[in-house]
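S.K.: Next comes the structure file protein-v3.txt, holding compact mmCIF, N, CA and C atoms.
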# COMPACT_ATOMS: atom_id res chain seq x y z
N MET A 1073 81.71 43.73 132.11
CA MET A 1073 81.12 42.49 132.57
C MET A 1073 80.13 42.00 131.51
N LYS A 1074 80.14 40.71 131.26
CA LYS A 1074 79.28 40.16 130.22
C LYS A 1074 77.95 39.74 130.80
N GLN A 1075 76.99 39.61 129.90
CA GLN A 1075 75.63 39.24 130.29
C GLN A 1075 75.63 37.87 130.98
N ALA A 1076 76.39 36.94 130.47
CA ALA A 1076 76.44 35.60 131.07
C ALA A 1076 76.99 35.66 132.50
N ASP A 1077 78.00 36.50 132.73
CA ASP A 1077 78.55 36.66 134.08
C ASP A 1077 77.52 37.23 135.04
N ILE A 1078 76.78 38.21 134.56
CA ILE A 1078 75.74 38.82 135.40
C ILE A 1078 74.67 37.80 135.75
N LYS A 1079 74.24 37.02 134.76
CA LYS A 1079 73.24 35.98 135.01
C LYS A 1079 73.76 34.96 136.01
N ARG A 1080 75.03 34.55 135.84
CA ARG A 1080 75.62 33.57 136.75
C ARG A 1080 75.66 34.10 138.17
N GLN A 1081 76.10 35.34 138.34
CA GLN A 1081 76.15 35.94 139.67
C GLN A 1081 74.76 36.04 140.29
N HIS A 1082 73.78 36.39 139.47
CA HIS A 1082 72.40 36.48 139.97
C HIS A 1082 71.90 35.11 140.43
N LYS A 1083 72.18 34.10 139.63
CA LYS A 1083 71.75 32.74 139.98
C LYS A 1083 72.43 32.27 141.26
N GLU A 1084 73.73 32.56 141.40
CA GLU A 1084 74.45 32.17 142.62
C GLU A 1084 73.86 32.88 143.84
N ALA A 1085 73.60 34.17 143.72
CA ALA A 1085 73.02 34.92 144.84
C ALA A 1085 71.63 34.40 145.18
N TYR A 1086 70.85 34.07 144.15
CA TYR A 1086 69.50 33.54 144.36
C TYR A 1086 69.58 32.21 145.10
N ASN A 1087 70.47 31.33 144.65
CA ASN A 1087 70.61 30.02 145.29
C ASN A 1087 71.10 30.17 146.74
N THR A 1088 72.02 31.09 146.98
CA THR A 1088 72.52 31.34 148.34
C THR A 1088 71.39 31.80 149.24
N GLN A 1089 70.60 32.75 148.74
CA GLN A 1089 69.47 33.24 149.54
C GLN A 1089 68.44 32.14 149.81
N THR A 1090 68.23 31.29 148.81
CA THR A 1090 67.28 30.18 148.99
C THR A 1090 67.78 29.22 150.07
N ARG A 1091 69.06 28.88 150.03
CA ARG A 1091 69.64 28.00 151.05
C ARG A 1091 69.53 28.64 152.44
N GLN A 1092 69.85 29.93 152.52
CA GLN A 1092 69.77 30.62 153.81
C GLN A 1092 68.34 30.63 154.34
N TYR A 1093 67.37 30.85 153.45
CA TYR A 1093 65.98 30.86 153.87
C TYR A 1093 65.56 29.47 154.38
N LYS A 1094 65.94 28.43 153.63
CA LYS A 1094 65.58 27.07 154.06
C LYS A 1094 66.22 26.73 155.40
N ALA A 1095 67.48 27.12 155.60
CA ALA A 1095 68.15 26.85 156.87
C ALA A 1095 67.48 27.60 158.01
N LEU A 1096 67.13 28.86 157.78
CA LEU A 1096 66.46 29.65 158.81
C LEU A 1096 65.07 29.11 159.12
N LYS A 1097 64.38 28.66 158.08
CA LYS A 1097 63.05 28.08 158.26
C LYS A 1097 63.15 26.80 159.10
N GLU A 1098 64.13 25.96 158.76
CA GLU A 1098 64.33 24.71 159.51
C GLU A 1098 64.71 25.00 160.96
N LYS A 1099 65.58 25.97 161.18
CA LYS A 1099 65.99 26.35 162.54
C LYS A 1099 64.77 26.84 163.34
N THR A 1100 63.92 27.62 162.70
CA THR A 1100 62.72 28.13 163.36
C THR A 1100 61.80 26.96 163.76
N ARG A 1101 61.64 26.00 162.88
CA ARG A 1101 60.79 24.84 163.19
C ARG A 1101 61.38 24.01 164.33
N LEU A 1102 62.73 23.84 164.30
CA LEU A 1102 63.38 23.09 165.39
C LEU A 1102 63.22 23.83 166.72
N ASP A 1103 63.40 25.15 166.66
CA ASP A 1103 63.20 25.95 167.88
C ASP A 1103 61.78 25.78 168.40
N TYR A 1104 60.81 25.74 167.50
CA TYR A 1104 59.42 25.58 167.89
C TYR A 1104 59.22 24.19 168.51
N ALA A 1105 59.85 23.17 167.91
CA ALA A 1105 59.69 21.81 168.41
C ALA A 1105 60.28 21.69 169.81
N HIS A 1106 61.42 22.36 170.10
CA HIS A 1106 62.04 22.30 171.42
C HIS A 1106 61.27 23.12 172.45
N ALA A 1107 60.65 24.15 171.98
CA ALA A 1107 59.94 25.03 172.92
C ALA A 1107 58.44 24.98 172.66
N SER A 1108 57.94 23.84 172.28
CA SER A 1108 56.54 23.72 171.90
C SER A 1108 55.59 24.06 173.05
N SER A 1109 56.04 23.89 174.26
CA SER A 1109 55.17 24.19 175.38
C SER A 1109 54.97 25.70 175.54
N ASN A 1110 55.98 26.51 175.14
CA ASN A 1110 55.88 27.95 175.31
C ASN A 1110 55.30 28.65 174.08
N SER A 1111 55.41 28.02 172.92
CA SER A 1111 54.97 28.66 171.67
C SER A 1111 53.77 27.92 171.10
N SER A 1112 52.91 28.67 170.47
CA SER A 1112 51.74 28.05 169.83
C SER A 1112 52.01 27.88 168.33
N ARG A 1113 51.18 27.07 167.74
CA ARG A 1113 51.29 26.82 166.29
C ARG A 1113 51.09 28.12 165.51
N GLU A 1114 50.21 29.00 165.99
CA GLU A 1114 49.97 30.27 165.29
C GLU A 1114 51.22 31.14 165.30
N GLU A 1115 51.96 31.11 166.44
CA GLU A 1115 53.19 31.89 166.51
C GLU A 1115 54.20 31.39 165.49
N LEU A 1116 54.31 30.06 165.35
CA LEU A 1116 55.21 29.48 164.37
C LEU A 1116 54.78 29.87 162.96
N ASP A 1117 53.49 29.75 162.67
CA ASP A 1117 52.99 30.12 161.35
C ASP A 1117 53.25 31.59 161.04
N LEU A 1118 53.05 32.45 162.05
CA LEU A 1118 53.30 33.87 161.88
C LEU A 1118 54.79 34.14 161.60
N LYS A 1119 55.66 33.46 162.37
CA LYS A 1119 57.10 33.62 162.17
C LYS A 1119 57.52 33.12 160.78
N LEU A 1120 56.98 31.96 160.34
CA LEU A 1120 57.30 31.42 159.02
C LEU A 1120 56.77 32.34 157.91
N LYS A 1121 55.60 32.91 158.12
CA LYS A 1121 55.04 33.84 157.14
C LYS A 1121 55.93 35.09 157.04
N THR A 1122 56.41 35.56 158.18
CA THR A 1122 57.31 36.72 158.19
C THR A 1122 58.60 36.39 157.46
N LEU A 1123 59.14 35.19 157.69
CA LEU A 1123 60.34 34.76 156.98
C LEU A 1123 60.11 34.70 155.47
N LYS A 1124 58.96 34.14 155.09
CA LYS A 1124 58.62 34.02 153.67
C LYS A 1124 58.49 35.40 153.03
N ASP A 1125 57.83 36.33 153.71
CA ASP A 1125 57.69 37.69 153.19
C ASP A 1125 59.06 38.37 153.05
N ASP A 1126 59.90 38.15 154.05
CA ASP A 1126 61.25 38.71 154.02
C ASP A 1126 62.04 38.13 152.84
N GLN A 1127 61.87 36.83 152.61
CA GLN A 1127 62.55 36.18 151.49
C GLN A 1127 62.06 36.77 150.16
N ARG A 1128 60.77 36.95 150.01
CA ARG A 1128 60.22 37.54 148.77
C ARG A 1128 60.77 38.95 148.55
N ARG A 1129 60.83 39.73 149.62
CA ARG A 1129 61.36 41.10 149.52
C ARG A 1129 62.82 41.07 149.06
N LYS A 1130 63.61 40.15 149.65
CA LYS A 1130 65.02 40.04 149.27
C LYS A 1130 65.16 39.59 147.82
N PHE A 1131 64.31 38.65 147.39
CA PHE A 1131 64.36 38.21 146.00
C PHE A 1131 63.97 39.34 145.05
N ASP A 1132 62.97 40.13 145.46
CA ASP A 1132 62.59 41.29 144.64
C ASP A 1132 63.74 42.27 144.51
N LEU A 1133 64.43 42.53 145.62
CA LEU A 1133 65.59 43.43 145.58
C LEU A 1133 66.70 42.86 144.72
N LEU A 1134 66.93 41.56 144.86
CA LEU A 1134 67.96 40.90 144.07
C LEU A 1134 67.64 41.00 142.58
N TYR A 1135 66.38 40.76 142.24
CA TYR A 1135 65.98 40.84 140.83
C TYR A 1135 66.10 42.28 140.31
N GLN A 1136 65.73 43.22 141.15
CA GLN A 1136 65.84 44.64 140.77
C GLN A 1136 67.30 45.01 140.50
N ARG A 1137 68.21 44.56 141.39
CA ARG A 1137 69.65 44.82 141.17
C ARG A 1137 70.13 44.14 139.89
N TYR A 1138 69.62 42.92 139.63
CA TYR A 1138 69.98 42.20 138.41
C TYR A 1138 69.56 43.02 137.18
N GLU A 1139 68.31 43.49 137.18
CA GLU A 1139 67.81 44.28 136.06
C GLU A 1139 68.63 45.57 135.88
N GLU A 1140 68.95 46.24 136.98
CA GLU A 1140 69.74 47.48 136.91
C GLU A 1140 71.14 47.20 136.35
N THR A 1141 71.74 46.12 136.80
CA THR A 1141 73.08 45.76 136.32
C THR A 1141 73.06 45.43 134.84
N MET A 1142 72.04 44.69 134.41
CA MET A 1142 71.91 44.35 133.00
C MET A 1142 71.72 45.63 132.17
N GLN A 1143 70.88 46.53 132.65
CA GLN A 1143 70.63 47.78 131.92
C GLN A 1143 71.90 48.63 131.85
N LYS A 1144 72.64 48.67 132.96
CA LYS A 1144 73.89 49.42 132.99
C LYS A 1144 74.88 48.85 131.98
N MET A 1145 74.96 47.51 131.92
CA MET A 1145 75.87 46.87 130.98
C MET A 1145 75.46 47.20 129.54
N LEU A 1146 74.15 47.14 129.26
CA LEU A 1146 73.67 47.45 127.91
C LEU A 1146 73.93 48.92 127.57
N ASP A 1147 73.75 49.81 128.54
CA ASP A 1147 74.02 51.23 128.32
C ASP A 1147 75.50 51.45 128.01
N GLN A 1148 76.38 50.73 128.72
CA GLN A 1148 77.82 50.86 128.48
C GLN A 1148 78.17 50.35 127.08
N GLN A 1149 77.52 49.25 126.69
CA GLN A 1149 77.77 48.73 125.34
C GLN A 1149 77.30 49.73 124.29
N ASN A 1150 76.12 50.34 124.54
CA ASN A 1150 75.61 51.35 123.60
C ASN A 1150 76.54 52.54 123.55
N PHE A 1151 77.04 52.97 124.72
CA PHE A 1151 77.97 54.10 124.74
C PHE A 1151 79.23 53.76 123.97
N LYS A 1152 79.74 52.55 124.20
CA LYS A 1152 80.95 52.13 123.49
C LYS A 1152 80.68 52.10 121.99
N LEU A 1153 79.52 51.58 121.61
CA LEU A 1153 79.15 51.53 120.21
C LEU A 1153 79.04 52.96 119.67
N ASN A 1154 78.43 53.83 120.43
CA ASN A 1154 78.29 55.21 119.99
C ASN A 1154 79.65 55.89 119.87
N SER A 1155 80.55 55.63 120.81
CA SER A 1155 81.88 56.25 120.71
C SER A 1155 82.64 55.65 119.53
N ASP A 1156 82.47 54.36 119.27
CA ASP A 1156 83.09 53.75 118.09
C ASP A 1156 82.52 54.36 116.81
N GLN A 1157 81.20 54.56 116.81
CA GLN A 1157 80.56 55.18 115.65
C GLN A 1157 81.06 56.61 115.47
N GLU A 1158 81.22 57.31 116.57
CA GLU A 1158 81.72 58.69 116.51
C GLU A 1158 83.15 58.72 115.96
N HIS A 1159 83.96 57.78 116.39
CA HIS A 1159 85.34 57.68 115.87
C HIS A 1159 85.31 57.40 114.37
N GLU A 1160 84.46 56.49 113.95
CA GLU A 1160 84.34 56.17 112.53
C GLU A 1160 83.84 57.38 111.74
N ARG A 1161 82.87 58.12 112.30
CA ARG A 1161 82.34 59.31 111.65
C ARG A 1161 83.44 60.35 111.46
N THR A 1162 84.24 60.55 112.50
CA THR A 1162 85.34 61.52 112.43
C THR A 1162 86.34 61.10 111.36
N SER A 1163 86.67 59.83 111.34
CA SER A 1163 87.61 59.31 110.35
C SER A 1163 87.07 59.49 108.94
N LEU A 1164 85.80 59.15 108.74
CA LEU A 1164 85.20 59.29 107.41
C LEU A 1164 85.09 60.76 107.00
N LYS A 1165 84.82 61.64 107.95
CA LYS A 1165 84.73 63.07 107.65
C LYS A 1165 86.09 63.59 107.22
N THR A 1166 87.15 63.14 107.88
CA THR A 1166 88.51 63.55 107.50
C THR A 1166 88.82 63.11 106.08
N ILE A 1167 88.47 61.89 105.75
CA ILE A 1167 88.70 61.37 104.40
C ILE A 1167 87.88 62.16 103.38
N LEU A 1168 86.62 62.42 103.73
CA LEU A 1168 85.74 63.17 102.84
C LEU A 1168 86.27 64.59 102.61
N ASP A 1169 86.72 65.25 103.67
CA ASP A 1169 87.27 66.61 103.54
C ASP A 1169 88.50 66.60 102.63
N GLU A 1170 89.36 65.61 102.81
CA GLU A 1170 90.56 65.50 101.97
C GLU A 1170 90.18 65.26 100.52
N ASP A 1171 89.21 64.38 100.28
CA ASP A 1171 88.75 64.11 98.91
C ASP A 1171 88.14 65.37 98.29
N GLN A 1172 87.41 66.13 99.09
CA GLN A 1172 86.81 67.36 98.58
C GLN A 1172 87.90 68.38 98.20
N ARG A 1173 88.93 68.52 99.04
CA ARG A 1173 90.04 69.42 98.72
C ARG A 1173 90.73 68.98 97.43
N ASN A 1174 90.95 67.68 97.29
CA ASN A 1174 91.59 67.15 96.08
C ASN A 1174 90.73 67.43 94.84
N LEU A 1175 89.44 67.23 94.97
CA LEU A 1175 88.52 67.47 93.85
C LEU A 1175 88.54 68.95 93.45
N LEU A 1176 88.47 69.83 94.44
CA LEU A 1176 88.51 71.27 94.15
C LEU A 1176 89.82 71.65 93.48
N SER A 1177 90.89 71.08 93.94
CA SER A 1177 92.21 71.34 93.35
C SER A 1177 92.24 70.87 91.89
N LEU A 1178 91.74 69.69 91.63
CA LEU A 1178 91.70 69.16 90.26
C LEU A 1178 90.81 70.02 89.36
N GLN A 1179 89.68 70.45 89.91
CA GLN A 1179 88.78 71.30 89.12
C GLN A 1179 89.46 72.63 88.78
N GLU A 1180 90.15 73.20 89.74
CA GLU A 1180 90.86 74.46 89.52
C GLU A 1180 91.96 74.28 88.47
N GLU A 1181 92.70 73.19 88.59
CA GLU A 1181 93.75 72.90 87.63
C GLU A 1181 93.17 72.71 86.23
N SER A 1182 92.07 72.00 86.15
CA SER A 1182 91.41 71.77 84.87
C SER A 1182 90.92 73.10 84.27
N ARG A 1183 90.38 73.96 85.08
CA ARG A 1183 89.89 75.27 84.61
C ARG A 1183 91.06 76.10 84.06
N HIS A 1184 92.20 76.07 84.78
CA HIS A 1184 93.37 76.81 84.32
C HIS A 1184 93.87 76.27 82.97
N ARG A 1185 93.92 74.96 82.84
CA ARG A 1185 94.36 74.36 81.57
C ARG A 1185 93.43 74.74 80.43
N MET A 1186 92.13 74.72 80.71
CA MET A 1186 91.14 75.07 79.69
C MET A 1186 91.30 76.54 79.28
N GLU A 1187 91.47 77.43 80.25
CA GLU A 1187 91.67 78.85 79.95
C GLU A 1187 92.95 79.05 79.12
N GLN A 1188 94.00 78.34 79.53
CA GLN A 1188 95.26 78.43 78.78
C GLN A 1188 95.09 77.92 77.37
N GLN A 1189 94.37 76.84 77.20
CA GLN A 1189 94.11 76.29 75.87
C GLN A 1189 93.33 77.28 75.03
N HIS A 1190 92.33 77.94 75.61
CA HIS A 1190 91.55 78.94 74.88
C HIS A 1190 92.45 80.11 74.46
N LEU A 1191 93.31 80.54 75.38
CA LEU A 1191 94.24 81.62 75.04
C LEU A 1191 95.18 81.22 73.91
N ASP A 1192 95.71 80.01 74.00
CA ASP A 1192 96.61 79.52 72.95
C ASP A 1192 95.88 79.44 71.61
N GLU A 1193 94.67 78.90 71.62
CA GLU A 1193 93.88 78.79 70.39
C GLU A 1193 93.57 80.18 69.83
N ARG A 1194 93.23 81.12 70.70
CA ARG A 1194 92.93 82.48 70.27
C ARG A 1194 94.16 83.12 69.62
N LYS A 1195 95.32 82.94 70.27
CA LYS A 1195 96.56 83.49 69.71
C LYS A 1195 96.85 82.87 68.34
N GLN A 1196 96.62 81.55 68.25
CA GLN A 1196 96.86 80.87 66.98
C GLN A 1196 95.90 81.39 65.91
N LEU A 1197 94.65 81.58 66.30
CA LEU A 1197 93.66 82.11 65.35
C LEU A 1197 94.03 83.54 64.94
N GLU A 1198 94.48 84.34 65.87
CA GLU A 1198 94.88 85.70 65.55
C GLU A 1198 96.10 85.70 64.62
N ARG A 1199 97.03 84.79 64.86
CA ARG A 1199 98.19 84.66 63.97
C ARG A 1199 97.74 84.24 62.57
N ASN A 1200 96.82 83.27 62.53
CA ASN A 1200 96.29 82.81 61.24
C ASN A 1200 95.60 83.96 60.51
N ILE A 1201 94.82 84.74 61.24
CA ILE A 1201 94.13 85.88 60.63
C ILE A 1201 95.15 86.89 60.13
N GLU A 1202 96.15 87.15 60.94
CA GLU A 1202 97.21 88.09 60.58
C GLU A 1202 97.95 87.62 59.33
N GLU A 1203 98.25 86.31 59.29
CA GLU A 1203 98.95 85.75 58.13
C GLU A 1203 98.08 85.84 56.88
N ARG A 1204 96.82 85.56 56.98
CA ARG A 1204 95.90 85.63 55.85
C ARG A 1204 95.73 87.08 55.38
N LEU A 1205 95.68 87.94 56.39
CA LEU A 1205 95.54 89.36 56.04
C LEU A 1205 96.79 89.84 55.28
N ILE A 1206 97.92 89.41 55.75
CA ILE A 1206 99.16 89.75 55.05
C ILE A 1206 99.15 89.14 53.65
N GLU A 1207 98.73 87.92 53.54
CA GLU A 1207 98.67 87.22 52.24
C GLU A 1207 97.69 87.93 51.32
N LEU A 1208 96.56 88.34 51.86
CA LEU A 1208 95.54 89.03 51.05
C LEU A 1208 96.08 90.39 50.61
N ASN A 1209 96.71 91.10 51.51
CA ASN A 1209 97.28 92.40 51.16
C ASN A 1209 98.34 92.24 50.06
N LYS A 1210 99.08 91.19 50.17
CA LYS A 1210 100.11 90.89 49.18
C LYS A 1210 99.48 90.60 47.83
N GLN A 1211 98.41 89.83 47.85
CA GLN A 1211 97.73 89.49 46.61
C GLN A 1211 97.07 90.72 45.99
N VAL A 1212 96.57 91.59 46.83
CA VAL A 1212 95.91 92.80 46.34
C VAL A 1212 96.97 93.74 45.69
N ARG A 1213 98.12 93.80 46.16
CA ARG A 1213 99.20 94.62 45.62
C ARG A 1213 99.70 94.07 44.28
N GLU A 1214 99.63 92.87 44.11
CA GLU A 1214 100.15 92.25 42.89
C GLU A 1214 99.16 92.32 41.83
Would you encode the structure as structure tokens?
M.R.:
Amino acid sequence: MKQADIKRQHKEAYNTQTRQYKALKEKTRLDYAHASSNSSREELDLKLKTLKDDQRRKFDLLYQRYEETMQKMLDQQNFKLNSDQEHERTSLKTILDEDQRNLLSLQEESRHRMEQQHLDERKQLERNIEERLIELNKQVRE
């Protein structure tokens, strides 16, 4: 439910209660006018005051329900936002984990290539040394 819908429903309920109060107030006054000989002005004032207090209590309850409904709606939006954020976090974590695995794999591959290159260079150097040693031995014999 949207905030505008909640406000509209609250306004409609408020207007309905206002109309009901006015109708009841008018009915009470008409009843007093028809039975004026049996009722005093103080009784009418007391009855109207009771009606007014009852109306205020109903409006307070209506406003309280409005506030609770608005808060509930905001809480649901926050929950939805939080669940959306949680979904995004999970998705990003999956991507990050995959990137980390790829990086580790590339680093391992690079380390192996470097070790192999060192071995190849060492073998080449040993061959060069061996060839020079053979050449030197040959020169020494001659």
S.K.: Just want the 8 Å neighbourhood of A:Met1145, counted on all atoms listed in the file, with same-chain residues fewer than 4 positions away dropped. Output as a ChimeraX atom specification.
M.R.: /A:1073-1075,1139-1141,1149-1151
S.K.: Just how far from atom C of A:Gln1092 is atom C of A:Leu1120, in Å to one decimal?
M.R.: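 Pair atom C of A:Leu1120 / atom C of A:Gln1092 returns 12.2 Å.
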S.K.: Considering only C-alpha atoms, can you say which of A:Gln1172, A:Gln1188, A:Gln1089, A:Gln1179 comes closest to A:Arg1129?
M.R.: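 Going through A:Gln1172, A:Gln1188, A:Gln1089, A:Gln1179 one by one, the smallest distance to A:Arg1129 is for A:Gln1089.
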S.K.: To one decimal in Å, tell me the separation between atom CA of A:Lys1119 and atom CA of A:Asp1132.
M.R.: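 Separating atom CA of A:Lys1119 from atom CA of A:Asp1132 is a distance of 19.9 Å.
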S.K.: Extract, using only N, CA and C atoms, all DNA, RNA and protein residues at most 8 Å from stretch 1095-1100 of chain A, discarding same-chain residues fewer than 4 positions from it, and format them as a PyMOL selection string.
M.R.: chain A and resi 1089-1091+1104-1106+1116+1119-1120+1123-1124
S.K.: Selected residues, N, CA and C atoms, written as a PDB file, in the coordinates of the input, please.
M.R.:
ATOM      1  N   GLN A1089      70.600  32.750 148.740  1.00  0.00           N
ATOM      2  CA  GLN A1089      69.470  33.240 149.540  1.00  0.00           C
ATOM      3  C   GLN A1089      68.440  32.140 149.810  1.00  0.00           C
ATOM      4  N   THR A1090      68.230  31.290 148.810  1.00  0.00           N
ATOM      5  CA  THR A1090      67.280  30.180 148.990  1.00  0.00           C
ATOM      6  C   THR A1090      67.780  29.220 150.070  1.00  0.00           C
ATOM      7  N   ARG A1091      69.060  28.880 150.030  1.00  0.00           N
ATOM      8  CA  ARG A1091      69.640  28.000 151.050  1.00  0.00           C
ATOM      9  C   ARG A1091      69.530  28.640 152.440  1.00  0.00           C
ATOM     10  N   TYR A1104      60.810  25.740 167.500  1.00  0.00           N
ATOM     11  CA  TYR A1104      59.420  25.580 167.890  1.00  0.00           C
ATOM     12  C   TYR A1104      59.220  24.190 168.510  1.00  0.00           C
ATOM     13  N   ALA A1105      59.850  23.170 167.910  1.00  0.00           N
ATOM     14  CA  ALA A1105      59.690  21.810 168.410  1.00  0.00           C
ATOM     15  C   ALA A1105      60.280  21.690 169.810  1.00  0.00           C
ATOM     16  N   HIS A1106      61.420  22.360 170.100  1.00  0.00           N
ATOM     17  CA  HIS A1106      62.040  22.300 171.420  1.00  0.00           C
ATOM     18  C   HIS A1106      61.270  23.120 172.450  1.00  0.00           C
ATOM     19  N   LEU A1116      54.310  30.060 165.350  1.00  0.00           N
ATOM     20  CA  LEU A1116      55.210  29.480 164.370  1.00  0.00           C
ATOM     21  C   LEU A1116      54.780  29.870 162.960  1.00  0.00           C
ATOM     22  N   LYS A1119      55.660  33.460 162.370  1.00  0.00           N
ATOM     23  CA  LYS A1119      57.100  33.620 162.170  1.00  0.00           C
ATOM     24  C   LYS A1119      57.520  33.120 160.780  1.00  0.00           C
ATOM     25  N   LEU A1120      56.980  31.960 160.340  1.00  0.00           N
ATOM     26  CA  LEU A1120      57.300  31.420 159.020  1.00  0.00           C
ATOM     27  C   LEU A1120      56.770  32.340 157.910  1.00  0.00           C
ATOM     28  N   LEU A1123      59.140  35.190 157.690  1.00  0.00           N
ATOM     29  CA  LEU A1123      60.340  34.760 156.980  1.00  0.00           C
ATOM     30  C   LEU A1123      60.110  34.700 155.470  1.00  0.00           C
ATOM     31  N   LYS A1124      58.960  34.140 155.090  1.00  0.00           N
ATOM     32  CA  LYS A1124      58.620  34.020 153.670  1.00  0.00           C
ATOM     33  C   LYS A1124      58.490  35.400 153.030  1.00  0.00           C
TER      34      LYS A1124
END
S.K.: Rank nothing, just name the residue among A:Gln1189, A:Tyr1086, A:Asn1209, A:Asp1103 nearest to A:Leu1134, using only N, CA and C atoms.
M.R.: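 Distance minimum relative to A:Leu1134 lands on A:Tyr1086.
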S.K.: Using all atoms of stretch 1120-1129 of chain A listed in the file and a margin of 6 Å per side, can you give the axis-aligned box centre and edge lengths in Å to one decimal, as JSON?
M.R.:
{"center_x": 58.9, "center_y": 36.3, "center_z": 154.4, "size_x": 19.8, "size_y": 21.7, "size_z": 23.8}
S.K.: For the atom pair atom C of A:Gln1157 and atom C of A:Met1142, what is the interatomic distance in Å to one decimal place?
M.R.: 22.1 Å
S.K.: Which one of A:Arg1213, A:Arg1194, A:Lys1152, A:His1082 sits closest to A:Arg1137 if you count only C-alpha atoms?
M.R.: A:His1082
